[in-house]
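Q: One file: data.tsv (TSV, C-alpha atoms and all ligand atoms).
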chain	number	residue	atom	x	y	z
J	213	MET	CA	-94.15	16.06	25.66
J	214	ASP	CA	-93.76	15.43	29.33
J	215	LEU	CA	-93.25	18.70	31.16
J	216	THR	CA	-91.32	17.66	34.17
J	217	LEU	CA	-89.58	20.47	35.95
J	218	PHE	CA	-90.93	23.91	36.66
J	219	HIS	CA	-89.44	26.45	38.93
J	220	THR	CA	-90.23	29.89	40.15
J	221	HIS	CA	-88.17	32.59	38.60
J	222	ASP	CA	-87.01	35.73	40.28
J	223	GLY	CA	-84.67	36.38	37.59
J	224	VAL	CA	-81.81	38.50	36.65
J	225	LYS	CA	-80.61	36.39	33.79
J	226	ASN	CA	-76.94	37.16	33.99
J	227	GLU	CA	-76.32	36.20	37.57
J	228	PRO	CA	-77.58	32.67	37.97
J	229	PRO	CA	-75.87	30.30	40.37
J	230	ARG	CA	-73.03	28.23	38.98
J	231	ARG	CA	-74.59	24.87	39.18
J	232	ARG	CA	-75.01	22.04	36.78
J	233	ARG	CA	-78.57	22.06	35.61
J	234	ALA	CA	-80.73	19.06	36.27
J	235	SER	CA	-81.70	17.10	33.20
J	236	PRO	CA	-84.00	17.47	31.31
J	237	PRO	CA	-83.24	21.10	30.54
J	238	LEU	CA	-85.41	24.16	30.12
J	239	VAL	CA	-88.77	22.50	30.12
J	240	ILE	CA	-91.06	25.38	29.51
J	241	ARG	CA	-94.77	25.85	29.08
J	242	ALA	CA	-95.97	28.38	26.55
J	243	ALA	CA	-98.84	29.60	28.72
J	244	GLY	CA	-96.44	31.57	30.87
J	245	ARG	CA	-97.42	29.99	34.17
J	246	TYR	CA	-95.02	28.31	36.50
J	247	HIS	CA	-95.89	25.10	38.21
J	248	ALA	CA	-94.65	23.46	41.32
J	249	SER	CA	-92.13	20.71	40.73
J	250	PRO	CA	-93.57	17.20	40.83
J	251	MET	CA	-90.68	16.63	43.22
J	252	LYS	CA	-92.70	18.63	45.73
J	253	THR	CA	-95.79	16.44	45.47
J	254	SER	CA	-93.73	13.27	45.71
J	255	LEU	CA	-92.08	14.80	48.75
J	256	THR	CA	-95.30	14.66	50.71
J	257	ARG	CA	-95.54	10.95	50.12
J	258	ILE	CA	-92.18	10.24	51.60
J	259	ARG	CA	-92.62	8.77	55.02
J	260	HIS	CA	-89.35	6.94	55.42
J	261	THR	CA	-87.23	9.24	57.47
J	262	MET	CA	-87.08	12.87	58.35
J	263	LEU	CA	-83.64	12.98	56.80
J	264	ALA	CA	-84.91	11.91	53.41
J	265	SER	CA	-87.51	14.66	53.51
J	266	ILE	CA	-84.98	17.29	54.43
J	267	LEU	CA	-82.60	16.18	51.71
J	268	LEU	CA	-85.29	16.21	49.09
J	269	THR	CA	-86.52	19.63	50.19
J	270	LEU	CA	-83.01	21.00	49.98
J	271	SER	CA	-82.52	19.45	46.57
J	272	SER	CA	-85.76	21.01	45.36
J	273	VAL	CA	-84.78	24.45	46.62
J	274	VAL	CA	-81.34	24.27	45.03
J	275	SER	CA	-82.84	23.07	41.80
J	276	ALA	CA	-85.33	25.94	41.81
J	277	LEU	CA	-82.52	28.44	42.24
J	278	ALA	CA	-80.44	26.85	39.52
J	279	ASP	CA	-82.94	26.54	36.78
J	280	PRO	CA	-85.08	29.58	36.22
J	281	PRO	CA	-86.53	29.18	32.73
J	282	PRO	CA	-88.67	31.89	31.24
J	283	ALA	CA	-91.97	30.29	30.27
J	284	CYS	CA	-91.95	31.38	26.64
J	285	TRP	CA	-91.40	28.13	24.77
J	286	SER	CA	-92.47	24.54	24.88
J	287	ALA	CA	-89.80	21.85	25.07
J	288	GLU	CA	-90.55	21.04	21.43
J	289	ALA	CA	-90.03	24.65	20.35
J	290	LEU	CA	-86.65	24.74	22.08
J	291	ALA	CA	-85.37	21.44	20.77
J	292	ALA	CA	-83.18	20.89	17.73
J	293	LYS	CA	-85.00	20.36	14.44
J	294	PRO	CA	-83.52	18.04	11.83
J	295	GLY	CA	-82.16	19.97	8.89
J	296	GLU	CA	-82.12	23.32	10.65
J	297	GLU	CA	-78.34	23.15	10.82
J	298	ARG	CA	-78.09	23.35	7.03
J	299	ALA	CA	-77.46	26.62	5.19
J	300	ILE	CA	-79.72	27.98	2.47
J	301	ARG	CA	-78.51	30.28	-0.34
J	302	LEU	CA	-80.35	33.55	-0.80
J	303	THR	CA	-80.71	35.24	-4.16
J	304	SER	CA	-80.73	38.67	-2.54
J	305	PRO	CA	-79.34	39.79	0.79
J	306	VAL	CA	-81.44	40.68	3.79
J	307	GLU	CA	-80.90	44.37	4.41
J	308	PRO	CA	-80.55	45.80	7.89
J	309	THR	CA	-83.37	47.99	9.00
J	310	GLY	CA	-84.37	49.62	12.21
J	311	ASP	CA	-83.53	52.69	14.16
J	312	ALA	CA	-80.29	54.56	13.98
J	313	PRO	CA	-77.74	53.21	16.45
J	314	ALA	CA	-78.20	56.28	18.63
J	315	ALA	CA	-81.71	55.06	19.38
J	316	THR	CA	-80.52	51.76	20.80
J	317	THR	CA	-79.74	51.22	24.44
J	318	PRO	CA	-76.39	52.86	25.11
J	319	VAL	CA	-73.66	50.57	26.35
J	320	PRO	CA	-70.94	51.77	28.70
J	321	ARG	CA	-67.73	52.75	26.96
J	322	ASP	CA	-65.44	50.92	29.34
J	323	ALA	CA	-64.29	48.22	26.97
J	324	PRO	CA	-60.58	47.44	27.20
J	325	ARG	CA	-58.26	48.27	24.29
J	326	GLY	CA	-57.07	45.36	22.17
J	327	VAL	CA	-58.60	41.91	21.94
J	328	VAL	CA	-59.16	39.52	24.83
J	329	ARG	CA	-57.48	36.16	24.23
J	330	ARG	CA	-58.14	34.59	27.62
J	331	VAL	CA	-58.70	35.59	31.25
J	332	ARG	CA	-56.26	35.17	34.13
J	333	LEU	CA	-58.28	33.76	37.01
J	334	PRO	CA	-57.54	33.52	40.71
J	335	ASP	CA	-55.90	30.29	41.85
J	336	GLY	CA	-58.37	27.46	42.13
J	337	ASP	CA	-60.88	28.91	39.68
J	338	ARG	CA	-60.85	26.41	36.82
J	339	ARG	CA	-63.57	27.86	34.66
J	340	ILE	CA	-63.29	28.13	30.90
J	341	ALA	CA	-65.55	29.74	28.30
J	342	LEU	CA	-66.96	27.75	25.41
J	343	THR	CA	-67.95	30.19	22.68
J	344	PHE	CA	-69.94	29.51	19.52
J	345	ASP	CA	-70.01	31.75	16.47
J	346	LEU	CA	-73.26	32.13	14.55
J	347	CYS	CA	-71.82	33.52	11.34
J	348	GLU	CA	-74.02	34.39	8.39
J	349	SER	CA	-73.08	36.23	5.22
J	350	ALA	CA	-75.47	38.45	3.27
J	351	ARG	CA	-76.49	35.87	0.71
J	352	GLU	CA	-77.34	32.92	2.90
J	353	ILE	CA	-79.40	31.71	5.76
J	354	ALA	CA	-76.83	29.83	7.79
J	355	GLY	CA	-77.80	26.99	10.06
J	356	TYR	CA	-78.72	26.68	13.72
J	357	ASP	CA	-77.14	23.58	15.19
J	358	GLY	CA	-79.69	22.74	17.85
J	359	ARG	CA	-77.83	19.59	18.82
J	360	ILE	CA	-75.16	21.76	20.39
J	361	VAL	CA	-77.63	23.94	22.28
J	362	ASP	CA	-79.64	20.93	23.44
J	363	LEU	CA	-76.47	19.32	24.77
J	364	LEU	CA	-75.33	22.46	26.59
J	365	ARG	CA	-78.77	22.76	28.21
J	366	ALA	CA	-78.93	19.09	29.15
J	367	GLU	CA	-75.47	19.26	30.70
J	368	GLY	CA	-75.97	22.67	32.30
J	369	VAL	CA	-72.92	24.02	30.46
J	370	ARG	CA	-72.72	27.80	30.43
J	371	ALA	CA	-71.67	29.21	27.07
J	372	THR	CA	-71.49	32.34	24.93
J	373	PHE	CA	-72.85	32.74	21.40
J	374	PHE	CA	-71.58	35.38	19.00
J	375	ALA	CA	-74.46	36.01	16.64
J	376	GLY	CA	-74.30	37.93	13.39
J	377	GLY	CA	-77.01	40.57	12.94
J	378	HIS	CA	-78.09	38.93	9.68
J	379	TRP	CA	-78.25	35.58	11.52
J	380	MET	CA	-80.41	37.12	14.25
J	381	ARG	CA	-82.75	38.53	11.61
J	382	THR	CA	-83.20	35.18	9.87
J	383	HIS	CA	-83.31	33.21	13.14
J	384	GLY	CA	-85.37	35.57	15.27
J	385	GLU	CA	-86.93	32.95	17.50
J	386	ARG	CA	-83.67	31.04	18.01
J	387	ALA	CA	-81.89	34.29	18.83
J	388	ALA	CA	-84.61	35.10	21.38
J	389	GLN	CA	-84.31	31.63	22.93
J	390	LEU	CA	-80.57	32.06	23.37
J	391	LEU	CA	-80.97	35.55	24.81
J	392	ALA	CA	-83.67	34.39	27.22
J	393	ASP	CA	-81.71	31.43	28.55
J	394	PRO	CA	-79.89	32.24	31.81
J	395	LEU	CA	-77.33	29.61	30.90
J	396	PHE	CA	-76.08	31.65	27.97
J	397	GLU	CA	-74.61	35.00	27.04
J	398	VAL	CA	-75.05	36.42	23.56
J	399	GLY	CA	-72.50	38.72	21.95
J	400	GLN	CA	-72.48	40.03	18.41
J	401	HIS	CA	-70.48	39.04	15.34
J	402	GLY	CA	-71.03	41.93	12.91
J	403	TRP	CA	-73.98	42.27	10.55
J	404	SER	CA	-73.11	40.01	7.62
J	405	HIS	CA	-69.70	38.54	8.41
J	406	ARG	CA	-67.64	41.05	6.47
J	407	ASN	CA	-63.99	41.33	7.37
J	408	LEU	CA	-63.75	44.55	9.40
J	409	ALA	CA	-60.05	44.82	8.57
J	410	VAL	CA	-60.88	45.62	4.93
J	411	LEU	CA	-63.74	48.00	5.68
J	412	GLY	CA	-63.51	51.64	6.60
J	413	GLY	CA	-65.66	54.67	7.38
J	414	ASP	CA	-69.41	54.19	7.07
J	415	ASP	CA	-69.11	50.56	5.93
J	416	LEU	CA	-67.15	49.67	9.04
J	417	ARG	CA	-69.56	51.40	11.41
J	418	ARG	CA	-72.57	50.01	9.60
J	419	GLU	CA	-71.32	46.43	9.93
J	420	ILE	CA	-71.06	46.85	13.70
J	421	ASP	CA	-74.07	49.11	14.29
J	422	ALA	CA	-76.52	47.10	12.18
J	423	ALA	CA	-75.86	44.06	14.36
J	424	THR	CA	-76.28	46.16	17.50
J	425	VAL	CA	-79.62	47.45	16.21
J	426	GLU	CA	-80.78	43.96	15.33
J	427	ALA	CA	-79.78	42.59	18.72
J	428	ALA	CA	-81.56	45.46	20.43
J	429	ARG	CA	-84.69	44.72	18.40
J	430	VAL	CA	-84.66	41.02	19.31
J	431	ARG	CA	-84.01	41.87	22.94
J	432	SER	CA	-86.72	44.52	23.26
J	433	GLU	CA	-89.31	42.34	21.50
J	434	LEU	CA	-88.39	39.46	23.79
J	435	LEU	CA	-88.62	41.55	26.93
J	436	ALA	CA	-92.05	42.82	25.84
J	437	ARG	CA	-93.48	39.30	25.95
J	438	PRO	CA	-95.66	38.60	29.00
J	439	CYS	CA	-93.67	35.41	29.64
J	440	MET	CA	-90.56	37.53	30.29
J	441	ALA	CA	-92.16	39.70	32.96
J	442	GLY	CA	-89.65	40.35	35.72
J	443	VAL	CA	-86.69	39.05	33.73
J	444	ALA	CA	-83.72	41.31	33.01
J	445	ILE	CA	-81.39	40.79	30.06
J	446	ALA	CA	-78.35	43.00	29.75
J	447	PRO	CA	-77.54	44.58	26.37
J	448	LEU	CA	-74.90	42.79	24.34
J	449	LYS	CA	-71.43	43.71	25.47
J	450	SER	CA	-69.06	41.37	23.64
J	451	PHE	CA	-67.97	41.35	20.02
J	452	ARG	CA	-66.23	38.74	17.92
J	453	TYR	CA	-64.45	39.74	14.72
J	454	PRO	CA	-65.57	37.85	11.63
J	455	PHE	CA	-62.61	35.76	10.38
J	456	GLY	CA	-60.87	36.64	13.63
J	457	ASP	CA	-59.37	39.59	11.78
J	458	CYS	CA	-59.08	43.25	12.66
J	459	ASP	CA	-56.94	46.32	12.16
J	460	ASP	CA	-56.55	49.50	14.21
J	461	ALA	CA	-59.60	51.17	12.65
J	462	ALA	CA	-61.76	48.13	13.38
J	463	GLN	CA	-60.55	48.02	16.97
J	464	THR	CA	-61.37	51.68	17.44
J	465	ALA	CA	-64.82	51.26	15.92
J	466	VAL	CA	-65.65	48.24	18.09
J	467	ARG	CA	-64.48	49.98	21.21
J	468	ASP	CA	-66.35	53.17	20.31
J	469	ALA	CA	-69.48	51.03	20.03
J	470	GLY	CA	-68.98	50.08	23.68
J	471	LEU	CA	-68.11	46.49	22.85
J	472	THR	CA	-65.31	44.29	24.15
J	473	ALA	CA	-63.53	42.29	21.43
J	474	ILE	CA	-63.27	38.64	22.43
J	475	GLN	CA	-60.98	36.22	20.66
J	476	TRP	CA	-59.72	32.89	21.97
J	477	ASP	CA	-56.68	30.91	23.01
J	478	VAL	CA	-58.07	27.56	21.89
J	479	ALA	CA	-59.18	27.13	18.28
J	480	PRO	CA	-60.07	23.51	17.48
J	481	GLY	CA	-60.92	24.43	13.87
J	482	ASP	CA	-64.31	22.77	13.92
J	483	PRO	CA	-65.38	24.03	10.44
J	484	ALA	CA	-62.41	22.32	8.77
J	485	PRO	CA	-63.60	19.83	6.16
J	486	GLY	CA	-63.14	16.26	7.28
J	487	ILE	CA	-62.17	17.02	10.87
J	488	GLY	CA	-63.54	14.40	13.25
J	489	ALA	CA	-65.27	14.75	16.60
J	490	ARG	CA	-62.39	13.09	18.44
J	491	ALA	CA	-59.84	15.47	16.98
J	492	ILE	CA	-61.92	18.50	17.97
J	493	ALA	CA	-62.48	17.10	21.47
J	494	ARG	CA	-58.79	16.30	21.87
J	495	THR	CA	-57.76	19.87	21.02
J	496	ILE	CA	-60.27	21.29	23.47
J	497	VAL	CA	-59.30	18.99	26.33
J	498	ASN	CA	-55.54	19.20	25.75
J	499	ASP	CA	-55.24	22.91	25.02
J	500	VAL	CA	-57.47	24.56	27.63
J	501	ARG	CA	-56.23	25.90	30.93
J	502	PRO	CA	-58.20	27.85	33.51
J	503	GLY	CA	-59.53	31.05	31.94
J	504	SER	CA	-59.32	29.71	28.39
J	505	ILE	CA	-61.69	30.84	25.67
J	506	VAL	CA	-62.56	28.19	23.08
J	507	VAL	CA	-63.93	29.16	19.65
J	508	LEU	CA	-66.42	26.81	18.01
J	509	HIS	CA	-69.34	27.17	15.60
J	510	ALA	CA	-73.06	26.55	16.09
J	511	ASN	CA	-74.26	27.69	12.66
J	512	GLY	CA	-73.94	24.25	11.08
J	513	ARG	CA	-70.37	24.80	9.85
J	514	GLY	CA	-68.97	22.71	12.67
J	515	ARG	CA	-70.46	19.47	11.48
J	516	ARG	CA	-68.91	17.38	14.26
J	517	THR	CA	-69.00	19.99	17.00
J	518	ALA	CA	-71.95	18.53	18.91
J	519	GLU	CA	-70.36	15.06	18.94
J	520	ALA	CA	-67.04	16.57	19.98
J	521	LEU	CA	-68.67	18.34	22.91
J	522	ALA	CA	-70.32	15.13	24.04
J	523	ILE	CA	-66.81	13.69	24.34
J	524	ALA	CA	-65.06	16.78	25.70
J	525	ILE	CA	-67.51	18.00	28.36
J	526	PRO	CA	-67.30	14.94	30.65
J	527	GLU	CA	-63.54	14.81	30.15
J	528	LEU	CA	-63.16	18.48	31.06
J	529	ARG	CA	-65.28	18.00	34.16
J	530	ALA	CA	-63.21	14.98	35.14
J	531	ARG	CA	-60.17	17.28	35.00
J	532	GLY	CA	-61.82	19.77	37.32
J	533	TYR	CA	-62.91	22.34	34.76
J	534	ALA	CA	-66.20	24.22	34.94
J	535	PHE	CA	-67.90	26.51	32.45
J	536	ALA	CA	-68.60	30.23	32.46
J	537	THR	CA	-69.85	32.86	30.07
J	538	ILE	CA	-67.44	35.51	28.82
J	539	ARG	CA	-69.09	38.09	31.07
J	540	GLU	CA	-68.53	35.84	34.08
J	541	LEU	CA	-64.89	35.12	33.20
J	542	LEU	CA	-64.16	38.82	32.78
J	543	ALA	CA	-65.82	39.58	36.11
J	544	ALA	CA	-63.73	36.95	37.86
J	545	GLY	CA	-60.24	37.78	36.59
J	546	GLU	CA	-57.95	39.94	34.47
J	547	PRO	CA	-58.25	39.78	30.70
J	548	GLU	CA	-55.11	38.83	28.79
J	549	ILE	CA	-55.10	41.23	25.88
J	550	GLU	CA	-53.34	41.24	22.54
J	551	THR	CA	-53.00	44.35	20.41
J	552	ARG	CA	-53.43	42.33	17.21
J	553	CYS	CA	-56.05	39.90	15.95
J	554	PHE	CA	-54.97	36.39	15.01
J	555	VAL	CA	-56.25	32.83	15.01
J	556	SER	CA	-53.20	30.98	16.36
J	557	ARG	CA	-50.28	33.30	15.66
J	558	PRO	CA	-49.87	36.91	14.49
J	559	GLY	CA	-50.31	37.27	10.73
J	560	ASP	CA	-52.42	34.19	10.16
J	561	THR	CA	-55.58	36.19	9.40
J	562	LEU	CA	-53.99	38.17	6.56
J	563	ARG	CA	-55.17	35.56	4.07
J	564	TYR	CA	-58.75	36.68	4.77
J	565	ARG	CA	-58.13	40.24	3.63
J	566	ARG	CA	-59.61	40.00	0.21
J	567	ALA	CA	-62.31	42.50	-0.63
J	568	ARG	CA	-65.69	41.20	0.46
X	601	ZN	ZN	-67.79	33.89	12.03
Represent the supplied structure as structure tokens.
A:
Amino acid sequence: MDLTLFHTHDGVKNEPPRRRRASPPLVIRAAGRYHASPMKTSLTRIRHTMLASILLTLSSVVSALADPPPACWSAEALAAKPGEERAIRLTSPVEPTGDAPAATTPVPRDAPRGVVRRVRLPDGDRRIALTFDLCESAREIAGYDGRIVDLLRAEGVRATFFAGGHWMRTHGERAAQLLADPLFEVGQHGWSHRNLAVLGGDDLRREIDAATVEAARVRSELLARPCMAGVAIAPLKSFRYPFGDCDDAAQTAVRDAGLTAIQWDVAPGDPAPGIGARAIARTIVNDVRPGSIVVLHANGRGRRTAEALAIAIPELRARGYAFATIRELLAAGEPEIETRCFVSRPGDTLRYRRAR
């Protein structure tokens, strides 16, 4: 594989410049060494005009600032693998292990009450947040839809993934890749996709805490790798309710865990059987407004999601939209908060309240 772009990395992962990443994306060498861009060597050969040299130098500097990949994976290791998007049934569940939640990195308890549906941004800021759920129940290994991640990287589209703890356990390397990528934010999605609105007491806390413990494990193991030296990754701060459902007890438990509950104002319904890429793309493009949060799936359940994004991303950009992580949206504006959880309208998650 041709390793084309390497850049120095001074990196705090969560504050990269907002710039479309040059293609190809995240080309990384496993040896952990950074190399000067070939652009630099070609630069010396340019004799045409001083202006051309200056422009190319500037372009190289901007590119270096915009694309700081940790050198932990080869391009092949990052790329989508055929079949990885498919789910596998398990005969017995993967049990959470690890330290008690108290032993994990504490997160500040400044989360707002209620659930964030979207963010009100200052005039002229036309960013939106694409979010992707990585749901996995206790008796399956759900998929990893690398086509989506590859596309986001190639297009330099910032995005947020809400990963289940069980998913992180069964996709340890993929979870680490997402966490390490400065283009992305990772939030959590409960341990095994149980509906928090039907849980209480220890079960409720365990569903949240087990995912926090798993995320902390992935994060600390990642940060211990030599290739991550000098890179900072903030602890997970955002939470997405499985099934989009919650009740008062669930809201209290999520907030007590120091997490901000993030829902959406645009739900294209990408897991719906038979839905086409054009229909998903049309909902995204027509329904977003600045500060919108779009819910999609990257665990293989959104079978047409990658194709839909290939249609929607250029169309959104043509309409002046740009992309931000949830953390960035929240930092830029005021969250619009609902006291209840719902998909499209209050009450529409009640159908998910069967015992699980
Ligand atoms: Zn889910």
Q: List all protein, DNA and RNA residues that have any atom at most 6 Å from ligand ZN 601 (chain X), counting only C-alpha atoms and all ligand atoms, and write the list as a ChimeraX atom specification.
A: /J:345,347,454-455
Q: I need the residue nearest Thr382 of chain J from this list: J:Ile474, J:Ala291, J:Gln463, J:Asn511. Use only C-alpha atoms for the distance.
A: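 Comparing J:Ile474, J:Ala291, J:Gln463, J:Asn511 against Thr382 of chain J, the winner is J:Asn511.
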Q: Can you tell me which residues surround Cys553 of chain J at a distance of at most 9 Å, considering all atoms listed in the file, apart from same-chain residues fewer than 4 positions away, and format the answer as JSON, numbers by chain?
A: {"J": [326, 327, 453, 456, 457, 458, 459, 475, 557, 558, 559, 560, 561]}
Q: May I have the residues from that selection written out with C-alpha atoms, as an mmCIF file, keeping the file's coordinate frame?
A:
data_model
loop_
_atom_site.group_PDB
_atom_site.id
_atom_site.type_symbol
_atom_site.label_atom_id
_atom_site.label_comp_id
_atom_site.auth_asym_id
_atom_site.auth_seq_id
_atom_site.Cartn_x
_atom_site.Cartn_y
_atom_site.Cartn_z
ATOM 1 C CA GLY J 326 -57.070 45.360 22.170
ATOM 2 C CA VAL J 327 -58.600 41.910 21.940
ATOM 3 C CA TYR J 453 -64.450 39.740 14.720
ATOM 4 C CA GLY J 456 -60.870 36.640 13.630
ATOM 5 C CA ASP J 457 -59.370 39.590 11.780
ATOM 6 C CA CYS J 458 -59.080 43.250 12.660
ATOM 7 C CA ASP J 459 -56.940 46.320 12.160
ATOM 8 C CA GLN J 475 -60.980 36.220 20.660
ATOM 9 C CA ARG J 557 -50.280 33.300 15.660
ATOM 10 C CA PRO J 558 -49.870 36.910 14.490
ATOM 11 C CA GLY J 559 -50.310 37.270 10.730
ATOM 12 C CA ASP J 560 -52.420 34.190 10.160
ATOM 13 C CA THR J 561 -55.580 36.190 9.400
#
Q: Ranking J:Ala441, J:Ala522, J:Ile549, J:Val507 by minimum distance to Trp476 of chain J and counting all atoms listed in the file, which one comes first?
A: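 Of all the options, J:Val507 lies closest to Trp476 of chain J.
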Q: Find the residues with any atom within 7 Å of (-56.7, 32.6, 23.5); use all atoms listed in the file and the coordinates as given in the file, and write the answer as a list in words.
A: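 Protein and nucleic acid residues near the point are Arg329, Arg330, Gln475, Trp476, Asp477, Val478, Ser504 and Ile505 of chain J.
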Q: In Å, with one decimal, what is the gap from atom CA of Arg301 of chain J to atom CA of His405 of chain J?
A: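 Atom-to-atom, atom CA of Arg301 of chain J and atom CA of His405 of chain J are spaced 14.9 Å apart.
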Q: Between J:Arg501, J:Gly358, J:Trp285, J:Arg417, which residue has the minimum interatomic distance to Arg515 of chain J, considering all atoms listed in the file?
A: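 Closest to Arg515 of chain J of all the choices is J:Gly358.
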Q: Which residues are near segment 536-542 of chain J? Cut-off 10 Å, all atoms listed in the file, ignore same chain within fewer than 6 positions. Put them as a JSON list (two decimals) with C-alpha atoms, in the coordinates of the input.
A:
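What ended up in part-v7.json:
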[["chain", "number", "residue", "atom", "x", "y", "z"],
["J", 226, "ASN", "CA", -76.94, 37.16, 33.99],
["J", 227, "GLU", "CA", -76.32, 36.20, 37.57],
["J", 230, "ARG", "CA", -73.03, 28.23, 38.98],
["J", 328, "VAL", "CA", -59.16, 39.52, 24.83],
["J", 330, "ARG", "CA", -58.14, 34.59, 27.62],
["J", 331, "VAL", "CA", -58.70, 35.59, 31.25],
["J", 332, "ARG", "CA", -56.26, 35.17, 34.13],
["J", 333, "LEU", "CA", -58.28, 33.76, 37.01],
["J", 337, "ASP", "CA", -60.88, 28.91, 39.68],
["J", 338, "ARG", "CA", -60.85, 26.41, 36.82],
["J", 339, "ARG", "CA", -63.57, 27.86, 34.66],
["J", 340, "ILE", "CA", -63.29, 28.13, 30.90],
["J", 341, "ALA", "CA", -65.55, 29.74, 28.30],
["J", 342, "LEU", "CA", -66.96, 27.75, 25.41],
["J", 343, "THR", "CA", -67.95, 30.19, 22.68],
["J", 369, "VAL", "CA", -72.92, 24.02, 30.46],
["J", 370, "ARG", "CA", -72.72, 27.80, 30.43],
["J", 371, "ALA", "CA", -71.67, 29.21, 27.07],
["J", 372, "THR", "CA", -71.49, 32.34, 24.93],
["J", 373, "PHE", "CA", -72.85, 32.74, 21.40],
["J", 395, "LEU", "CA", -77.33, 29.61, 30.90],
["J", 396, "PHE", "CA", -76.08, 31.65, 27.97],
["J", 397, "GLU", "CA", -74.61, 35.00, 27.04],
["J", 398, "VAL", "CA", -75.05, 36.42, 23.56],
["J", 399, "GLY", "CA", -72.50, 38.72, 21.95],
["J", 449, "LYS", "CA", -71.43, 43.71, 25.47],
["J", 450, "SER", "CA", -69.06, 41.37, 23.64],
["J", 474, "ILE", "CA", -63.27, 38.64, 22.43],
["J", 502, "PRO", "CA", -58.20, 27.85, 33.51],
["J", 503, "GLY", "CA", -59.53, 31.05, 31.94],
["J", 504, "SER", "CA", -59.32, 29.71, 28.39],
["J", 505, "ILE", "CA", -61.69, 30.84, 25.67],
["J", 548, "GLU", "CA", -55.11, 38.83, 28.79]]
Q: J:Pro547, J:Pro480, J:Gly532, J:Gly514: which is nearest Gly336 of chain J, counting only C-alpha atoms?
A: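 Selected residue with least distance to Gly336 of chain J: J:Gly532.
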